[in-house]
Structure formats: structure tokens, C-alpha cells
Amino acid sequence: MSKTTSNSGTKKKFHLGWFTNFTADEWNGPFSNGGNSWDGSFHIDMARALDRAGFDFIMLEDKLAIPEAYGDSFESYLKLGLGMAPKHDPVPLATLMAAHTKGLGVVATMSTLGYPPFLLARLASTVDHLTNGRFAWNIVTSAENAAAQNFGLDELPPREKRYEVAHEYMDLFYQLIDSWEEGALVRDRETGTYVDHTKVRKIDFQGKYFKCRGPLNTLRSPQGRPTLLQAGGSPTGRDFAAKHADAIIAVENGIEGMKAYREDVRARAVKHGRNPDDIKVLFLVTPVLGETDEEARAQYERTAHDATFIEQNLALISAITDINFKAFDLDKPLPEKLVTNGEQGSLDKFQQWGRNKTLRQLVIEASGGICASIELVGTPDTVADQMEAAMEEVGGDGFLITTPALSTNRRHVISVTDGLVPALQRRGLVRTEYTHKTLRENLLAF
Ligand SMILES: Cc1cc2nc3c(=O)[nH]c(=O)nc-3n(C[C@H](O)[C@H](O)[C@H](O)COP(=O)(O)O)c2cc1C
């Protein structure tokens, strides 16, 4: 019996998320005319398509600065206008997308570096209400000096310190969220009581980094605790994710890397006393779809060799690692193994140290972004088969779909929602309708 087949003979389903951000949609490609929808209209269309296709969630990545890492300048980021800047706040957009959808979860990234815990807990609780329990917070600690410098610091604290602070942050977050017991809202006309004050308490939190009286002044949210996402790559980061996350998003090298990563975070979850099945690990992929396999392959090759795409990808990897990739020769291997206080996991996957590839080869191989755990190129049926085979090997729990260098147009979205997803549905691999109301329940449904 196949590993993705349950005892009842039906296939074990997997989850789908979409990875994007509040930047311009693709504005100058042959099938795009965007770049103007700062009122959220592009993202609303996209969310509706994903809702129709039964995605678990749409996730909005975020950063808190315009990067300068590539070429020590804002130039490439602003000139290209894709992926990194301008970038608007994801939280209001998440709320707007939820207002136009019925079952889709909406995920906004917020940094522990940027928000005081009280404000973040209050905002997460508020948005969870506005979305009727479909909100998730993607927990990040921020990984760039430029972001740290927007919040009064001279430079980014080391990774270990960021996670130490983040653990205490989470402790306070949970206490604030739980400062309202279930059932505190009574709306009892007879006694004239709206809220039972005995079910709301101060927390008087006093930690090493934070001090907070509490309670929250928002009602307990529909999910109790909004769903939590995280993307730890380092051992410390993975441990953090295994302790706190309902869903983990990751980019890994091939099926072996995906399997090892998933097993590692599941083992860490057990050490934290959690049931590993309560955590869904979703792997980043960039499907390239066509009407024939040949057409999809030709599209992939065109994208990967395009000069703008190469610049975009180098600017992107520079931004998330604080390393200036413009300083390296495109047609030589990197001169040394690179390390970063930023996103080391993404860097390691990109640099493939020891394999003697030129920088140009690295970008081309990472085609679809630095963001592809496995290559998915072909017709919807071909790619659906590839996804099924990958999940059989890895064991679960799904995919986080994105677009080359994070630049998106409607055609990308429709090719997935109206081509790939139906192919997956025909194979019984993904949901055909939402069975629950809240995001966490939908994630736990299989
Ligand atoms: C799929 C994915 C999405 C991520 N999204 C963000 C984001 O929106 N904002 C951010 O600052 N970091 C983001 N990160 C970085 C992670 O939060 C994390 O810092 C990174 O994976 C490196 O792991 P480490 O912190 O354990 O070194 C993302 C990483 C991955 C793999």
C-alpha cells in the first residue's frame, strides 16, 4: 500500500498554501499589466481564486526596510519594483482578503523586533475576530541590519539572542491571549452583564526583556489563540518552530532534504511534549505549468536565463542574507563559503558549497526563485504526479506555492487554481471543499 494511502484506502491528503507579499503584481511581462493595485484589488482577486480552489491559506511575507544589500544601493529593489519594494503592511491586506473569501486562511508576517508584544497580541486577536478565526501570524525575528536600524538598534542582534528574546516574547503573548478565559463574554440581559470580570485577569508579566501588566483589552479570539506559522532554518530556529508553530514553512534541497527537515522538526516537537501531527510542514515550490511538458520546460528555461530574473534573484538573496552578491563575478564560483546572521538556511540552499558552480549557474538552477524545494515543471497532470511522488517519500504535509522571484500575475494564479489544483483533486490529494470554519481546524483536518 502506498505511504499516502490510509487504512480506509483513501489517499492521505496534503495541504496547500500560497506564498506572496504586499508588493506590486507583475507590471511589465507579456501577460501582466499590473503594478497599480495598492488598493488590494489584485490580492482580492487572487484570494478569491485560492478560496475557490480550497487552499489552506495565503501567506504574506514581510520585511521592515527597503534593502540596500545588493550593490550597496536601493537601486535594483526600487527599479525592478518586484518582490522587495515598495512593500505595504500585510495585516490590513490580510483582513481585506478575508472579507472577500469564505474558507481561506490569511497569514500576515509580523516581527518580534518591530512590535511590542501587547500591540501584536491585541492586533492578532482583533484580526482573528475580523476574519472569523481564519487568521495566522507568521512569527519572524527579522534578519536584516536595515530593519534593526529602523527600530533604534545599531545592528541586528545575533540569531541566538533574537530567538532567546522571541521565546520570552511568546511566553508573554500566550499569557496575554489567555488573560481572557473562554466564556468571559456572557451578554446576560437579566443581570445586565456583558463581560464576566472574574474571567479576565492581569498577568503582571516580568521577564528579562519584557514587562507587561495585562490583560489584553480585546475579547478572546475565535481560535482562542490565532494560528501560528514559523520558518526556522537553523537548529535554534527549528526548535523555536517545533515548540510554537501550527504550520512550518520551509525551503529545502530536494526530497532528501525535505524528508530530513520534516523528521527533524517532528522529533523536536516530541521533545517539547507536542503531538508532531499537530504541526504541518509545507515546502516552498514554484510550479512552472504549460499545456505540454515541452512548453512548460521552454518557459522555465526562458525565465531562468533572463537577465532581469538573474538580477532580481541576486537582489533577493542579497536582501535576506545582507550579503552583496553584486560584488561577485557571475561567471566564477563564489570565492568562499558564505555565512550570514540573516537567513542562513536559504543561503546554504542557494550556494551549494563545494560543488564548484558559477554564480550564474546557482541562480539558474535555483530557477523559480531561490525558492524551490523540488523542481516542478510540466502540464498540470505531470506536476500533480510529481507532487504526489514527493509527498509519498517525504511523508507530508504539503506545499507552499510561489512564483519566480515572488513576482505574480493573474495567469500564474489561474494556472494553479484552475489547472494544477483540479489535477490534484482528481487524484484525491487535496481538499475539494472546506470542512471547518477556522484555519487551525482546516490544518488539522488531515
Ligand atoms: C518560506 C519562508 C518564508 C519566510 N518569510 C519571512 C518573512 O516574511 N519575513 C522575515 O523576516 N523572514 C522570513 N523568513 C525567514 C525565517 O523567519 C527564518 O529567519 C529563516 O528561515 C532562517 O532561519 P533561522 O532564523 O533559524 O536562521 C522566511 C523563511 C522561509 C523559508
# chains A, B, ... in the order shown; residues from 1 in each chain; ligands from 1
$ residues_around --residues "Lys337 of chain A" --least-positions-apart "3" --cutoff "9 Å" --atoms "only C-alpha atoms" --output "PyMOL selection string"
chain A and resi 334+348+351+353-354
$ residues_near_ligand --ligand "ligand 1" --cutoff "7 Å" --atoms "only C-alpha atoms and all ligand atoms" --output "number ranges by chain"
A: 60-63, 109, 111, 139-143, 159, 230-238, 249-251, 284, 342-346
$ residues_around --residues "Ala65 of chain A" --least-positions-apart "3" --cutoff "9 Å" --atoms "only C-alpha atoms" --output "mmCIF file with N, CA, C and O atoms, in the first residue's frame"
data_model
loop_
_atom_site.group_PDB
_atom_site.id
_atom_site.type_symbol
_atom_site.label_atom_id
_atom_site.label_comp_id
_atom_site.auth_asym_id
_atom_site.auth_seq_id
_atom_site.Cartn_x
_atom_site.Cartn_y
_atom_site.Cartn_z
ATOM 1 N N GLU A 68 19.313 47.396 0.978
ATOM 2 C CA GLU A 68 20.390 48.105 0.284
ATOM 3 C C GLU A 68 21.521 47.135 0.015
ATOM 4 O O GLU A 68 22.603 47.543 -0.425
ATOM 5 N N ALA A 85 10.344 45.828 -2.780
ATOM 6 C CA ALA A 85 9.932 47.215 -2.501
ATOM 7 C C ALA A 85 9.303 47.806 -3.760
ATOM 8 O O ALA A 85 9.744 47.458 -4.861
ATOM 9 N N LYS A 87 6.790 47.853 -0.485
ATOM 10 C CA LYS A 87 6.099 46.748 0.185
ATOM 11 C C LYS A 87 5.207 47.336 1.280
ATOM 12 O O LYS A 87 5.701 48.069 2.147
ATOM 13 N N GLU A 144 17.673 41.384 9.077
ATOM 14 C CA GLU A 144 18.477 42.352 8.334
ATOM 15 C C GLU A 144 18.877 43.510 9.235
ATOM 16 O O GLU A 144 18.078 44.003 10.025
ATOM 17 N N ALA A 146 19.230 46.512 8.222
ATOM 18 C CA ALA A 146 18.420 47.687 7.864
ATOM 19 C C ALA A 146 17.129 47.714 8.677
ATOM 20 O O ALA A 146 16.669 48.790 9.082
ATOM 21 N N ALA A 147 16.540 46.544 8.937
ATOM 22 C CA ALA A 147 15.314 46.505 9.744
ATOM 23 C C ALA A 147 15.632 46.911 11.182
ATOM 24 O O ALA A 147 14.926 47.733 11.785
ATOM 25 N N ALA A 148 16.700 46.363 11.722
ATOM 26 C CA ALA A 148 17.068 46.689 13.108
ATOM 27 C C ALA A 148 17.264 48.199 13.253
ATOM 28 O O ALA A 148 16.859 48.813 14.255
ATOM 29 N N GLN A 149 17.865 48.810 12.216
ATOM 30 C CA GLN A 149 18.151 50.252 12.285
ATOM 31 C C GLN A 149 16.887 51.100 12.178
ATOM 32 O O GLN A 149 16.910 52.281 12.497
ATOM 33 N N ASN A 150 15.792 50.504 11.752
ATOM 34 C CA ASN A 150 14.516 51.238 11.772
ATOM 35 C C ASN A 150 13.848 51.180 13.142
ATOM 36 O O ASN A 150 12.812 51.785 13.359
#
$ atom_distance --atom1 "atom CA of Ser179 of chain A" --atom2 "atom CA of Leu120 of chain A"
14.5 Å
$ select_by_dssp --residues "segment 354-405 of chain A" --states "alpha helix (DSSP H)" --output "list in words"
Leu359, Arg360, Gln361, Leu362, Val363, Ile364, Glu365, Pro380, Asp381, Thr382, Val383, Ala384, Asp385, Gln386, Met387, Glu388, Ala389, Ala390, Met391, Glu392, Glu393 and Val394 of chain A
$ closest_residue --among "A:Phe205, A:Phe210, A:Trp18, A:Trp38" --to "Tyr115 of chain A" --atoms "only C-alpha atoms"
A:Phe210
$ closest_atom_pairs --of "segment 308-396 of chain A" --to "segment 262-270 of chain A" --cutoff "9 Å" --atoms "only C-alpha atoms" --output "JSON lines"
{"residue": "A:Val394", "atom": "CA", "partner": "A:Arg262", "partner_atom": "CA", "distance": 7.7}
{"residue": "A:Gly395", "atom": "CA", "partner": "A:Arg262", "partner_atom": "CA", "distance": 8.4}
{"residue": "A:Gly396", "atom": "CA", "partner": "A:Arg262", "partner_atom": "CA", "distance": 8.1}
